[in-house]
>>> print(open('coords32.cif').read())   # mmCIF, C-alpha atoms
data_input
#
loop_
_atom_site.group_PDB
_atom_site.id
_atom_site.type_symbol
_atom_site.label_atom_id
_atom_site.label_comp_id
_atom_site.auth_asym_id
_atom_site.auth_seq_id
_atom_site.Cartn_x
_atom_site.Cartn_y
_atom_site.Cartn_z
ATOM 1 C CA MET E 8 3.817 -23.934 -13.964
ATOM 2 C CA ILE E 9 3.171 -20.188 -13.930
ATOM 3 C CA GLN E 10 0.531 -20.789 -11.284
ATOM 4 C CA SER E 11 2.909 -22.604 -8.966
ATOM 5 C CA PHE E 12 5.541 -19.906 -9.515
ATOM 6 C CA LEU E 13 3.010 -17.224 -8.544
ATOM 7 C CA GLU E 14 2.072 -19.243 -5.466
ATOM 8 C CA TRP E 15 5.738 -19.506 -4.536
ATOM 9 C CA VAL E 16 6.261 -15.743 -5.046
ATOM 10 C CA GLN E 17 3.274 -14.986 -2.873
ATOM 11 C CA ALA E 18 4.664 -17.164 -0.076
ATOM 12 C CA THR E 19 8.082 -15.471 0.065
ATOM 13 C CA PRO E 20 8.797 -13.552 3.277
ATOM 14 C CA LEU E 21 8.883 -10.234 1.411
ATOM 15 C CA ALA E 22 5.479 -10.842 -0.197
ATOM 16 C CA MET E 23 4.020 -11.844 3.165
ATOM 17 C CA LEU E 24 5.399 -8.705 4.746
ATOM 18 C CA VAL E 25 3.868 -6.476 2.047
ATOM 19 C CA GLY E 26 0.548 -8.285 2.238
ATOM 20 C CA GLU E 27 0.327 -8.184 6.001
ATOM 21 C CA SER E 28 1.582 -4.744 6.907
ATOM 22 C CA TRP E 29 3.318 -2.648 4.218
ATOM 23 C CA PHE E 30 0.526 -2.570 1.650
ATOM 24 C CA PRO E 31 -1.090 0.827 2.482
ATOM 25 C CA TRP E 32 2.333 2.537 2.566
ATOM 26 C CA VAL E 33 3.505 0.882 -0.626
ATOM 27 C CA GLU E 34 0.277 1.723 -2.455
ATOM 28 C CA SER E 35 0.238 5.355 -1.314
ATOM 29 C CA THR E 36 3.872 5.742 -2.410
ATOM 30 C CA HIS E 37 2.942 4.126 -5.735
ATOM 31 C CA VAL E 38 0.329 6.847 -6.283
ATOM 32 C CA VAL E 39 2.899 9.597 -5.613
ATOM 33 C CA PHE E 40 5.293 8.074 -8.179
ATOM 34 C CA LEU E 41 2.577 7.582 -10.791
ATOM 35 C CA ALA E 42 1.497 11.207 -10.427
ATOM 36 C CA VAL E 43 5.037 12.256 -11.396
ATOM 37 C CA VAL E 44 5.189 9.734 -14.253
ATOM 38 C CA VAL E 45 1.852 10.705 -15.803
ATOM 39 C CA GLY E 46 2.179 14.426 -15.033
ATOM 40 C CA SER E 47 5.540 14.742 -16.755
ATOM 41 C CA ILE E 48 4.457 12.561 -19.688
ATOM 42 C CA LEU E 49 1.339 14.681 -20.259
ATOM 43 C CA MET E 50 3.513 17.814 -20.348
ATOM 44 C CA VAL E 51 5.657 16.289 -23.108
ATOM 45 C CA ASP E 52 2.565 14.937 -24.912
ATOM 46 C CA ALA E 53 0.932 18.377 -24.849
ATOM 47 C CA ARG E 54 4.026 19.838 -26.496
ATOM 48 C CA LEU E 55 3.981 17.024 -29.082
ATOM 49 C CA MET E 56 0.351 17.742 -29.898
ATOM 50 C CA GLY E 57 1.195 21.405 -30.315
ATOM 51 C CA PHE E 58 -0.486 22.771 -27.177
ATOM 52 C CA GLY E 59 1.720 23.785 -24.258
ATOM 53 C CA ALA E 60 5.303 25.039 -24.242
ATOM 54 C CA ARG E 61 5.396 25.876 -27.955
ATOM 55 C CA HIS E 62 8.241 28.353 -27.594
ATOM 56 C CA LEU E 63 10.406 25.685 -25.945
ATOM 57 C CA LEU E 64 12.411 23.400 -28.193
ATOM 58 C CA PHE E 65 10.903 19.929 -28.023
ATOM 59 C CA THR E 66 14.348 18.447 -27.414
ATOM 60 C CA GLU E 67 14.895 20.847 -24.511
ATOM 61 C CA LEU E 68 11.559 20.018 -22.874
ATOM 62 C CA SER E 69 12.028 16.257 -23.188
ATOM 63 C CA ARG E 70 15.669 16.387 -22.065
ATOM 64 C CA ARG E 71 14.654 18.240 -18.901
ATOM 65 C CA LEU E 72 11.545 16.256 -18.043
ATOM 66 C CA LEU E 73 12.108 12.663 -19.114
ATOM 67 C CA PRO E 74 14.847 11.859 -16.556
ATOM 68 C CA TRP E 75 12.239 12.636 -13.859
ATOM 69 C CA THR E 76 9.723 10.474 -15.678
ATOM 70 C CA TRP E 77 12.087 7.500 -15.745
ATOM 71 C CA ALA E 78 13.198 7.905 -12.141
ATOM 72 C CA ALA E 79 9.572 8.028 -10.993
ATOM 73 C CA PHE E 80 8.708 5.105 -13.286
ATOM 74 C CA ALA E 81 11.393 3.029 -11.570
ATOM 75 C CA GLY E 82 9.770 3.891 -8.229
ATOM 76 C CA ALA E 83 6.269 3.120 -9.515
ATOM 77 C CA ALA E 84 7.404 -0.197 -10.995
ATOM 78 C CA THR E 85 9.153 -1.183 -7.752
ATOM 79 C CA THR E 86 6.184 -0.332 -5.525
ATOM 80 C CA GLY E 87 3.842 -1.885 -8.111
ATOM 81 C CA GLY E 88 5.928 -5.070 -8.125
ATOM 82 C CA LEU E 89 5.800 -5.228 -4.320
ATOM 83 C CA MET E 90 2.008 -4.966 -4.411
ATOM 84 C CA PHE E 91 1.819 -7.610 -7.132
ATOM 85 C CA ILE E 92 3.816 -10.237 -5.243
ATOM 86 C CA ALA E 93 1.621 -9.755 -2.174
ATOM 87 C CA ASN E 94 -1.362 -11.159 -4.124
ATOM 88 C CA ALA E 95 0.279 -12.575 -7.240
ATOM 89 C CA VAL E 96 -2.304 -15.297 -7.898
ATOM 90 C CA THR E 97 -5.297 -12.973 -7.595
ATOM 91 C CA TYR E 98 -3.769 -10.159 -9.666
ATOM 92 C CA SER E 99 -2.731 -12.486 -12.473
ATOM 93 C CA GLY E 100 -6.419 -13.197 -13.048
ATOM 94 C CA ASN E 101 -7.668 -9.653 -12.390
ATOM 95 C CA ILE E 102 -9.042 -8.192 -15.634
ATOM 96 C CA PRO E 103 -8.237 -4.502 -14.948
ATOM 97 C CA PHE E 104 -4.700 -5.542 -13.954
ATOM 98 C CA LEU E 105 -4.218 -7.406 -17.235
ATOM 99 C CA ILE E 106 -5.670 -4.451 -19.165
ATOM 100 C CA LYS E 107 -3.301 -2.117 -17.336
ATOM 101 C CA MET E 108 -0.253 -4.257 -18.150
ATOM 102 C CA SER E 109 -1.296 -4.455 -21.825
ATOM 103 C CA LEU E 110 -1.719 -0.679 -21.914
ATOM 104 C CA LEU E 111 1.795 -0.263 -20.471
ATOM 105 C CA VAL E 112 3.151 -2.455 -23.271
ATOM 106 C CA GLY E 113 1.159 -0.311 -25.732
ATOM 107 C CA ALA E 114 2.665 2.855 -24.265
ATOM 108 C CA GLY E 115 6.124 1.345 -24.667
ATOM 109 C CA LEU E 116 5.497 0.415 -28.309
ATOM 110 C CA ASN E 117 4.110 3.879 -29.082
ATOM 111 C CA MET E 118 7.229 5.409 -27.503
ATOM 112 C CA LEU E 119 9.522 3.048 -29.410
ATOM 113 C CA PHE E 120 7.867 3.838 -32.739
ATOM 114 C CA PHE E 121 8.053 7.564 -32.018
ATOM 115 C CA HIS E 122 11.683 7.376 -31.002
ATOM 116 C CA LEU E 123 12.916 5.204 -33.845
ATOM 117 C CA ILE E 124 10.910 6.752 -36.685
ATOM 118 C CA THR E 125 9.083 10.027 -36.033
ATOM 119 C CA TYR E 126 11.826 11.512 -33.844
ATOM 120 C CA ARG E 127 14.351 11.331 -36.696
ATOM 121 C CA SER E 128 12.734 14.405 -38.272
ATOM 122 C CA VAL E 129 12.767 16.375 -34.988
ATOM 123 C CA ALA E 130 14.957 19.120 -36.478
ATOM 124 C CA GLN E 131 12.055 20.132 -38.754
ATOM 125 C CA TRP E 132 9.510 20.616 -35.964
ATOM 126 C CA ASN E 133 11.664 21.193 -32.895
ATOM 127 C CA SER E 134 10.665 24.841 -32.572
ATOM 128 C CA THR E 135 7.202 24.760 -34.138
ATOM 129 C CA ARG E 136 4.014 22.695 -34.188
ATOM 130 C CA PRO E 137 5.096 19.050 -34.629
ATOM 131 C CA VAL E 138 4.321 17.001 -37.745
ATOM 132 C CA LEU E 139 1.167 14.862 -37.860
ATOM 133 C CA ALA E 140 2.944 11.636 -36.835
ATOM 134 C CA ALA E 141 4.342 13.360 -33.750
ATOM 135 C CA ARG E 142 0.962 14.868 -32.850
ATOM 136 C CA ILE E 143 -0.617 11.424 -33.150
ATOM 137 C CA ALA E 144 2.130 9.935 -30.941
ATOM 138 C CA GLY E 145 1.387 12.562 -28.280
ATOM 139 C CA PHE E 146 -2.347 11.967 -28.499
ATOM 140 C CA VAL E 147 -2.025 8.170 -28.308
ATOM 141 C CA SER E 148 0.396 8.457 -25.396
ATOM 142 C CA SER E 149 -1.864 10.720 -23.328
ATOM 143 C CA LEU E 150 -4.873 8.496 -24.054
ATOM 144 C CA ILE E 151 -2.956 5.381 -22.990
ATOM 145 C CA TRP E 152 -1.584 6.910 -19.789
ATOM 146 C CA VAL E 153 -4.965 8.204 -18.642
ATOM 147 C CA SER E 154 -6.309 4.685 -19.290
ATOM 148 C CA VAL E 155 -3.408 3.152 -17.332
ATOM 149 C CA VAL E 156 -4.385 5.230 -14.291
ATOM 150 C CA THR E 157 -8.068 4.358 -14.711
ATOM 151 C CA ALA E 158 -7.399 0.628 -15.083
ATOM 152 C CA GLY E 159 -4.976 0.765 -12.159
ATOM 153 C CA ARG E 160 -7.577 2.313 -9.889
ATOM 154 C CA TRP E 161 -10.082 -0.284 -11.100
ATOM 155 C CA ILE E 162 -7.924 -3.203 -9.944
ATOM 156 C CA GLY E 163 -9.172 -2.629 -6.418
ATOM 157 C CA PHE E 164 -12.844 -2.501 -7.400
ATOM 158 C CA VAL E 165 -13.334 -5.995 -8.847
ATOM 159 C CA MET P 12 13.943 25.655 -6.848
ATOM 160 C CA GLY P 13 16.313 26.064 -9.779
ATOM 161 C CA VAL P 14 15.769 22.611 -11.277
ATOM 162 C CA GLY P 15 13.723 21.478 -14.276
ATOM 163 C CA LEU P 16 12.843 23.824 -17.120
ATOM 164 C CA THR P 17 15.433 26.439 -16.204
ATOM 165 C CA SER P 18 16.107 27.497 -19.795
ATOM 166 C CA GLU P 19 12.786 29.313 -19.871
ATOM 167 C CA PRO P 20 11.930 32.487 -17.928
ATOM 168 C CA LEU P 21 9.927 31.579 -14.848
ATOM 169 C CA ALA P 22 7.239 34.177 -15.577
ATOM 170 C CA GLN P 23 6.532 32.524 -18.918
ATOM 171 C CA LEU P 24 6.473 29.009 -17.446
ATOM 172 C CA SER P 25 4.161 30.172 -14.689
ATOM 173 C CA ARG P 26 1.804 31.885 -17.157
ATOM 174 C CA ARG P 27 1.466 28.606 -19.051
ATOM 175 C CA TYR P 28 0.726 26.304 -16.129
ATOM 176 C CA THR P 29 -0.764 28.320 -13.263
ATOM 177 C CA HIS P 30 -4.307 28.629 -14.630
ATOM 178 C CA LEU P 31 -4.252 24.859 -15.278
ATOM 179 C CA ILE P 32 -3.605 24.284 -11.559
ATOM 180 C CA TRP P 33 -6.765 26.177 -10.610
ATOM 181 C CA ILE P 34 -8.991 24.653 -13.295
ATOM 182 C CA LEU P 35 -7.917 21.096 -12.492
ATOM 183 C CA LEU P 36 -8.111 21.767 -8.757
ATOM 184 C CA LEU P 37 -11.777 22.707 -9.234
ATOM 185 C CA VAL P 38 -12.374 19.436 -11.103
ATOM 186 C CA LEU P 39 -10.694 17.546 -8.252
ATOM 187 C CA LEU P 40 -12.718 19.396 -5.605
ATOM 188 C CA ALA P 41 -15.949 18.609 -7.469
ATOM 189 C CA SER P 42 -15.185 14.908 -7.966
ATOM 190 C CA GLY P 43 -13.781 14.625 -4.432
ATOM 191 C CA GLY P 44 -16.941 16.303 -3.116
ATOM 192 C CA LEU P 45 -19.035 13.655 -4.897
ATOM 193 C CA LEU P 46 -17.022 10.897 -3.226
ATOM 194 C CA ILE P 47 -17.670 12.435 0.195
ATOM 195 C CA VAL P 48 -21.394 12.875 -0.440
ATOM 196 C CA ALA P 49 -21.669 9.299 -1.716
ATOM 197 C CA GLU P 50 -20.005 7.773 1.335
ATOM 198 C CA PRO P 51 -19.685 10.388 4.100
ATOM 199 C CA GLY P 52 -18.824 7.842 6.787
ATOM 200 C CA ARG P 53 -15.604 7.002 5.007
ATOM 201 C CA THR P 54 -14.162 10.489 5.310
ATOM 202 C CA ILE P 55 -15.830 12.804 7.779
ATOM 203 C CA THR P 56 -14.574 10.930 10.820
ATOM 204 C CA ASN P 57 -11.214 10.061 9.277
ATOM 205 C CA PRO P 58 -8.213 12.008 10.655
ATOM 206 C CA VAL P 59 -6.158 11.321 7.510
ATOM 207 C CA PHE P 60 -8.834 13.131 5.488
ATOM 208 C CA TYR P 61 -8.513 16.193 7.731
ATOM 209 C CA LEU P 62 -4.730 16.050 7.498
ATOM 210 C CA LYS P 63 -5.049 15.984 3.694
ATOM 211 C CA MET P 64 -7.451 18.955 3.681
ATOM 212 C CA SER P 65 -5.193 20.952 6.014
ATOM 213 C CA LEU P 66 -2.160 20.323 3.811
ATOM 214 C CA LEU P 67 -4.286 21.329 0.808
ATOM 215 C CA ALA P 68 -5.307 24.612 2.443
ATOM 216 C CA VAL P 69 -1.650 25.464 3.117
ATOM 217 C CA VAL P 70 -0.557 24.506 -0.389
ATOM 218 C CA ILE P 71 -3.290 26.667 -1.954
ATOM 219 C CA LEU P 72 -2.120 29.702 0.004
ATOM 220 C CA ALA P 73 1.528 29.024 -0.813
ATOM 221 C CA THR P 74 0.717 28.545 -4.502
ATOM 222 C CA LEU P 75 -1.268 31.799 -4.640
ATOM 223 C CA TRP P 76 1.723 33.586 -3.135
ATOM 224 C CA LEU P 77 4.282 31.958 -5.440
ATOM 225 C CA ALA P 78 2.144 32.428 -8.563
ATOM 226 C CA ALA P 79 1.749 36.124 -7.827
ATOM 227 C CA ALA P 80 5.487 36.455 -7.208
ATOM 228 C CA ALA P 81 6.446 34.447 -10.312
ATOM 229 C CA ARG P 82 4.843 37.062 -12.542
ATOM 230 C CA ARG P 83 7.310 39.630 -11.250
ATOM 231 C CA TYR P 84 10.756 38.083 -11.360
ATOM 232 C CA GLY P 85 12.855 36.971 -14.281
ATOM 233 C CA ASP P 86 15.350 34.179 -13.868
ATOM 234 C CA ALA P 87 16.412 33.937 -10.263
ATOM 235 C CA PRO P 88 13.724 33.671 -7.618
ATOM 236 C CA PRO P 89 14.724 34.812 -4.128
ATOM 237 C CA GLY P 90 15.876 32.129 -1.699
ATOM 238 C CA LEU P 91 12.705 32.338 0.349
ATOM 239 C CA HIS P 92 10.595 31.504 -2.686
ATOM 240 C CA ARG P 93 12.850 28.628 -3.683
ATOM 241 C CA LEU P 94 12.418 27.226 -0.198
ATOM 242 C CA LEU P 95 8.662 27.725 -0.366
ATOM 243 C CA ALA P 96 8.606 25.948 -3.740
ATOM 244 C CA GLY P 97 10.329 22.970 -2.115
ATOM 245 C CA VAL P 98 7.779 23.042 0.702
ATOM 246 C CA THR P 99 4.825 23.047 -1.724
ATOM 247 C CA LEU P 100 6.354 20.081 -3.552
ATOM 248 C CA LEU P 101 6.568 18.148 -0.274
ATOM 249 C CA LEU P 102 3.022 19.223 0.594
ATOM 250 C CA TRP P 103 1.678 17.873 -2.703
ATOM 251 C CA ILE P 104 3.457 14.578 -2.105
ATOM 252 C CA GLY P 105 1.866 14.456 1.348
ATOM 253 C CA ILE P 106 -1.575 15.277 -0.079
ATOM 254 C CA ILE P 107 -1.409 12.504 -2.670
ATOM 255 C CA PHE P 108 -0.100 10.052 -0.075
ATOM 256 C CA CYS P 109 -2.821 10.926 2.448
ATOM 257 C CA GLY P 110 -5.484 10.715 -0.245
ATOM 258 C CA ARG P 111 -4.662 7.094 -0.926
ATOM 259 C CA PHE P 112 -4.063 6.332 2.757
ATOM 260 C CA ILE P 113 -7.597 7.427 3.801
ATOM 261 C CA ALA P 114 -8.883 4.056 2.619
ATOM 262 C CA TYR P 115 -6.616 2.199 5.037
ATOM 263 C CA PHE P 116 -7.016 4.246 8.155
ATOM 264 C CA GLU P 117 -9.569 2.924 10.603
ATOM 265 C CA SER P 118 -11.842 5.819 11.442
ATOM 266 C CA THR P 119 -13.121 5.779 14.970
#
>>> encode(input="coords32.cif", output="structure tokens")
Amino acid sequence: MIQSFLEWVQATPLAMLVGESWFPWVESTHVVFLAVVVGSILMVDARLMGFGARHLLFTELSRRLLPWTWAAFAGAATTGGLMFIANAVTYSGNIPFLIKMSLLVGAGLNMLFFHLITYRSVAQWNSTRPVLAARIAGFVSSLIWVSVVTAGRWIGFV
Amino acid sequence: MGVGLTSEPLAQLSRRYTHLIWILLLVLLASGGLLIVAEPGRTITNPVFYLKMSLLAVVILATLWLAAAARRYGDAPPGLHRLLAGVTLLLWIGIIFCGRFIAYFEST
């Protein structure tokens, strides 16, 4: 059933259009958006790990940067979705693609855990080196996002 | 440009990130150089590659200028520099876009 849905998606006029002519533009735009997503996330992660921006309150840094992250993520997800529908059947069986999607879920879970649990003690480490749980969250996040980019680039090589 | 981390003095922000730009740019130049050496035909006749390199040359000059200026002023950069900052942002977007587009442009 999933297979026939993917075949249907791939045959829609929009998917055909992306596959036949928009693809290079959509993919290049995707790379611009992902640079903003990963760049801004790494800045926040570095602060979480206790490296950069130590004299900035963590809440200030994240409040200023994360709206850009989310806006760019929306753009990356849209352009990524357009690329997916152009070759839905192939991508759904592409190992690096599946790894990338799993890593994105992992990044989301890491963020959720940080936000719901570790972030509650932010007042204690807002202006200093964060607690161990926060440093781990930053480390895991940067590792995952670098892997997302790597897996994403690999989709085209298999 | 007056957006982003405005609660922090620009000189301090610049001190933290500017050296990272140059270190990572060297890494990119080295890995990019390897890609060219490995498959020269893909790039050396490709106009998009030359467009990317030209934009990069301009952005390096503009960044050198802005980084030197950022050490001097406190909170409010002059209008010219804000404009130049906007231009470098657009240039970087163009560089990233061209970089990915090289693969799709038929070189003659």
>>> interface_residues(input="coords32.cif", of="chain P", to="chain E", cutoff="9 Å", atoms="only C-alpha atoms", output="CSV table (one decimal) with C-alpha atoms, keeping the file's coordinate frame")
chain,number,residue,atom,x,y,z
P,14,VAL,CA,15.8,22.6,-11.3
P,15,GLY,CA,13.7,21.5,-14.3
P,16,LEU,CA,12.8,23.8,-17.1
P,17,THR,CA,15.4,26.4,-16.2
P,18,SER,CA,16.1,27.5,-19.8
P,19,GLU,CA,12.8,29.3,-19.9
P,24,LEU,CA,6.5,29.0,-17.4
P,27,ARG,CA,1.5,28.6,-19.1
P,28,TYR,CA,0.7,26.3,-16.1
P,103,TRP,CA,1.7,17.9,-2.7
P,104,ILE,CA,3.5,14.6,-2.1
P,105,GLY,CA,1.9,14.5,1.3
P,107,ILE,CA,-1.4,12.5,-2.7
P,108,PHE,CA,-0.1,10.1,-0.1
P,109,CYS,CA,-2.8,10.9,2.4
P,110,GLY,CA,-5.5,10.7,-0.2
P,111,ARG,CA,-4.7,7.1,-0.9
P,112,PHE,CA,-4.1,6.3,2.8
P,114,ALA,CA,-8.9,4.1,2.6
P,115,TYR,CA,-6.6,2.2,5.0
P,116,PHE,CA,-7.0,4.2,8.2
>>> residues_around(input="coords32.cif", residues="Ala22 in chain P", least_positions_apart="6", cutoff="8 Å", atoms="all atoms listed in the file", output="MDAnalysis selection string")
chainID P and resid 81:85
>>> atom_distance(input="coords32.cif", atom1="CA of Ile106 in chain E", atom2="CA of Val153 in chain E")
12.7 Å
>>> closest_residue(input="coords32.cif", among="P:Pro89, P:Gln23, P:Leu102, P:Trp33", to="Ser65 in chain P", atoms="all atoms listed in the file")
P:Leu102
>>> residues_near_point(input="coords32.cif", point="(11.2, 16.9, -28.3)", cutoff="10 Å", atoms="only C-alpha atoms", output="ChimeraX atom specification")
/E:51-52,54-55,63-70,122,126,129-130,132-134,137,141
>>> atom_distance(input="coords32.cif", atom1="CA of Met12 in chain P", atom2="CA of Thr74 in chain P")
13.7 Å
>>> resolve_selection(input="coords32.cif", expression="the PyMOL selection byres ((chain E and resi 79) around 8)", output="list in words")
Phe40, Leu41, Val43, Val44, Trp75, Thr76, Trp77, Ala78, Phe80, Ala81, Gly82 and Ala83 of chain E
>>> residues_around(input="coords32.cif", residues="Val96 in chain E", least_positions_apart="4", cutoff="12 Å", atoms="all atoms listed in the file", output="PyMOL selection string")
chain E and resi 9-18+22+90-92+100-101+104
>>> resolve_selection(input="coords32.cif", expression="the PyMOL selection byres ((chain E and resi 155) around 12)", output="count of residues only")
30
>>> residues_near_point(input="coords32.cif", point="(11.4, -6.6, 2.1)", cutoff="12 Å", atoms="all atoms listed in the file", output="list in words")
Thr19, Pro20, Leu21, Ala22, Met23, Leu24, Val25, Gly26, Glu27, Ser28, Trp29, Phe30, Val33, Thr85, Thr86, Gly88, Leu89, Met90, Ile92 and Ala93 of chain E
>>> residues_around(input="coords32.cif", residues="Leu95 in chain P", least_positions_apart="2", cutoff="12 Å", atoms="all atoms listed in the file", output="compact mmCIF listing (two decimals) with C-alpha atoms, in the coordinates of the input")
# COMPACT_ATOMS: atom_id res chain seq x y z
CA MET P 12 13.94 25.66 -6.85
CA VAL P 69 -1.65 25.46 3.12
CA VAL P 70 -0.56 24.51 -0.39
CA LEU P 72 -2.12 29.70 0.00
CA ALA P 73 1.53 29.02 -0.81
CA THR P 74 0.72 28.54 -4.50
CA LEU P 75 -1.27 31.80 -4.64
CA TRP P 76 1.72 33.59 -3.14
CA LEU P 77 4.28 31.96 -5.44
CA ALA P 78 2.14 32.43 -8.56
CA ALA P 80 5.49 36.46 -7.21
CA PRO P 88 13.72 33.67 -7.62
CA PRO P 89 14.72 34.81 -4.13
CA GLY P 90 15.88 32.13 -1.70
CA LEU P 91 12.70 32.34 0.35
CA HIS P 92 10.60 31.50 -2.69
CA ARG P 93 12.85 28.63 -3.68
CA GLY P 97 10.33 22.97 -2.12
CA VAL P 98 7.78 23.04 0.70
CA THR P 99 4.82 23.05 -1.72
CA LEU P 100 6.35 20.08 -3.55
CA LEU P 101 6.57 18.15 -0.27
CA LEU P 102 3.02 19.22 0.59
>>> atom_distance(input="coords32.cif", atom1="CA of Glu50 in chain P", atom2="CA of Gly46 in chain E")
28.4 Å
>>> residues_around(input="coords32.cif", residues="Gly52 in chain P", least_positions_apart="3", cutoff="12 Å", atoms="only C-alpha atoms", output="VMD selection string")
chain P and resid 46 to 49 55 to 57 60 113 to 114 117 to 119
>>> write_last_selection(input="coords32.cif", atoms="C-alpha atoms", output="PDB file, in the frame of the given file")
ATOM      1  CA  LEU P  46     -17.022  10.897  -3.226  1.00  0.00           C
ATOM      2  CA  ILE P  47     -17.670  12.435   0.195  1.00  0.00           C
ATOM      3  CA  VAL P  48     -21.394  12.875  -0.440  1.00  0.00           C
ATOM      4  CA  ALA P  49     -21.669   9.299  -1.716  1.00  0.00           C
ATOM      5  CA  ILE P  55     -15.830  12.804   7.779  1.00  0.00           C
ATOM      6  CA  THR P  56     -14.574  10.930  10.820  1.00  0.00           C
ATOM      7  CA  ASN P  57     -11.214  10.061   9.277  1.00  0.00           C
ATOM      8  CA  PHE P  60      -8.834  13.131   5.488  1.00  0.00           C
ATOM      9  CA  ILE P 113      -7.597   7.427   3.801  1.00  0.00           C
ATOM     10  CA  ALA P 114      -8.883   4.056   2.619  1.00  0.00           C
ATOM     11  CA  GLU P 117      -9.569   2.924  10.603  1.00  0.00           C
ATOM     12  CA  SER P 118     -11.842   5.819  11.442  1.00  0.00           C
ATOM     13  CA  THR P 119     -13.121   5.779  14.970  1.00  0.00           C
TER      14      THR P 119
END
>>> decode(input="coords32.cif", residues="range 26-38 of chain E", atoms="N, CA, C and O atoms", output="mmCIF file, in the first residue's frame")
data_model
loop_
_atom_site.group_PDB
_atom_site.id
_atom_site.type_symbol
_atom_site.label_atom_id
_atom_site.label_comp_id
_atom_site.auth_asym_id
_atom_site.auth_seq_id
_atom_site.Cartn_x
_atom_site.Cartn_y
_atom_site.Cartn_z
ATOM 1 N N GLY E 26 11.171 16.563 -10.859
ATOM 2 C CA GLY E 26 12.067 15.560 -11.417
ATOM 3 C C GLY E 26 12.631 15.953 -12.767
ATOM 4 O O GLY E 26 13.793 15.690 -13.072
ATOM 5 N N GLU E 27 11.792 16.633 -13.571
ATOM 6 C CA GLU E 27 12.235 16.917 -14.932
ATOM 7 C C GLU E 27 13.002 18.226 -15.077
ATOM 8 O O GLU E 27 13.879 18.341 -15.921
ATOM 9 N N SER E 28 12.664 19.230 -14.271
ATOM 10 C CA SER E 28 13.398 20.478 -14.490
ATOM 11 C C SER E 28 13.819 21.251 -13.240
ATOM 12 O O SER E 28 14.835 21.914 -13.228
ATOM 13 N N TRP E 29 13.069 21.150 -12.130
ATOM 14 C CA TRP E 29 13.409 21.992 -10.977
ATOM 15 C C TRP E 29 14.538 21.447 -10.116
ATOM 16 O O TRP E 29 15.094 22.157 -9.275
ATOM 17 N N PHE E 30 14.843 20.149 -10.263
ATOM 18 C CA PHE E 30 15.679 19.476 -9.268
ATOM 19 C C PHE E 30 16.965 20.212 -8.888
ATOM 20 O O PHE E 30 17.223 20.419 -7.697
ATOM 21 N N PRO E 31 17.804 20.647 -9.865
ATOM 22 C CA PRO E 31 19.052 21.324 -9.483
ATOM 23 C C PRO E 31 18.817 22.581 -8.638
ATOM 24 O O PRO E 31 19.547 22.835 -7.688
ATOM 25 N N TRP E 32 17.763 23.334 -8.979
ATOM 26 C CA TRP E 32 17.457 24.569 -8.230
ATOM 27 C C TRP E 32 16.966 24.242 -6.831
ATOM 28 O O TRP E 32 17.357 24.885 -5.858
ATOM 29 N N VAL E 33 16.101 23.235 -6.755
ATOM 30 C CA VAL E 33 15.565 22.846 -5.447
ATOM 31 C C VAL E 33 16.683 22.323 -4.564
ATOM 32 O O VAL E 33 16.793 22.682 -3.382
ATOM 33 N N GLU E 34 17.573 21.492 -5.124
ATOM 34 C CA GLU E 34 18.638 20.910 -4.315
ATOM 35 C C GLU E 34 19.624 21.981 -3.854
ATOM 36 O O GLU E 34 20.052 21.997 -2.693
ATOM 37 N N SER E 35 19.978 22.904 -4.745
ATOM 38 C CA SER E 35 20.926 23.954 -4.360
ATOM 39 C C SER E 35 20.338 24.854 -3.272
ATOM 40 O O SER E 35 21.044 25.272 -2.350
ATOM 41 N N THR E 36 19.026 25.125 -3.376
ATOM 42 C CA THR E 36 18.358 25.917 -2.333
ATOM 43 C C THR E 36 18.339 25.144 -1.012
ATOM 44 O O THR E 36 18.540 25.718 0.070
ATOM 45 N N HIS E 37 18.118 23.832 -1.120
ATOM 46 C CA HIS E 37 18.129 22.961 0.063
ATOM 47 C C HIS E 37 19.461 23.090 0.809
ATOM 48 O O HIS E 37 19.487 23.172 2.040
ATOM 49 N N VAL E 38 20.554 23.135 0.065
ATOM 50 C CA VAL E 38 21.880 23.225 0.689
ATOM 51 C C VAL E 38 22.045 24.575 1.409
ATOM 52 O O VAL E 38 22.625 24.632 2.495
#
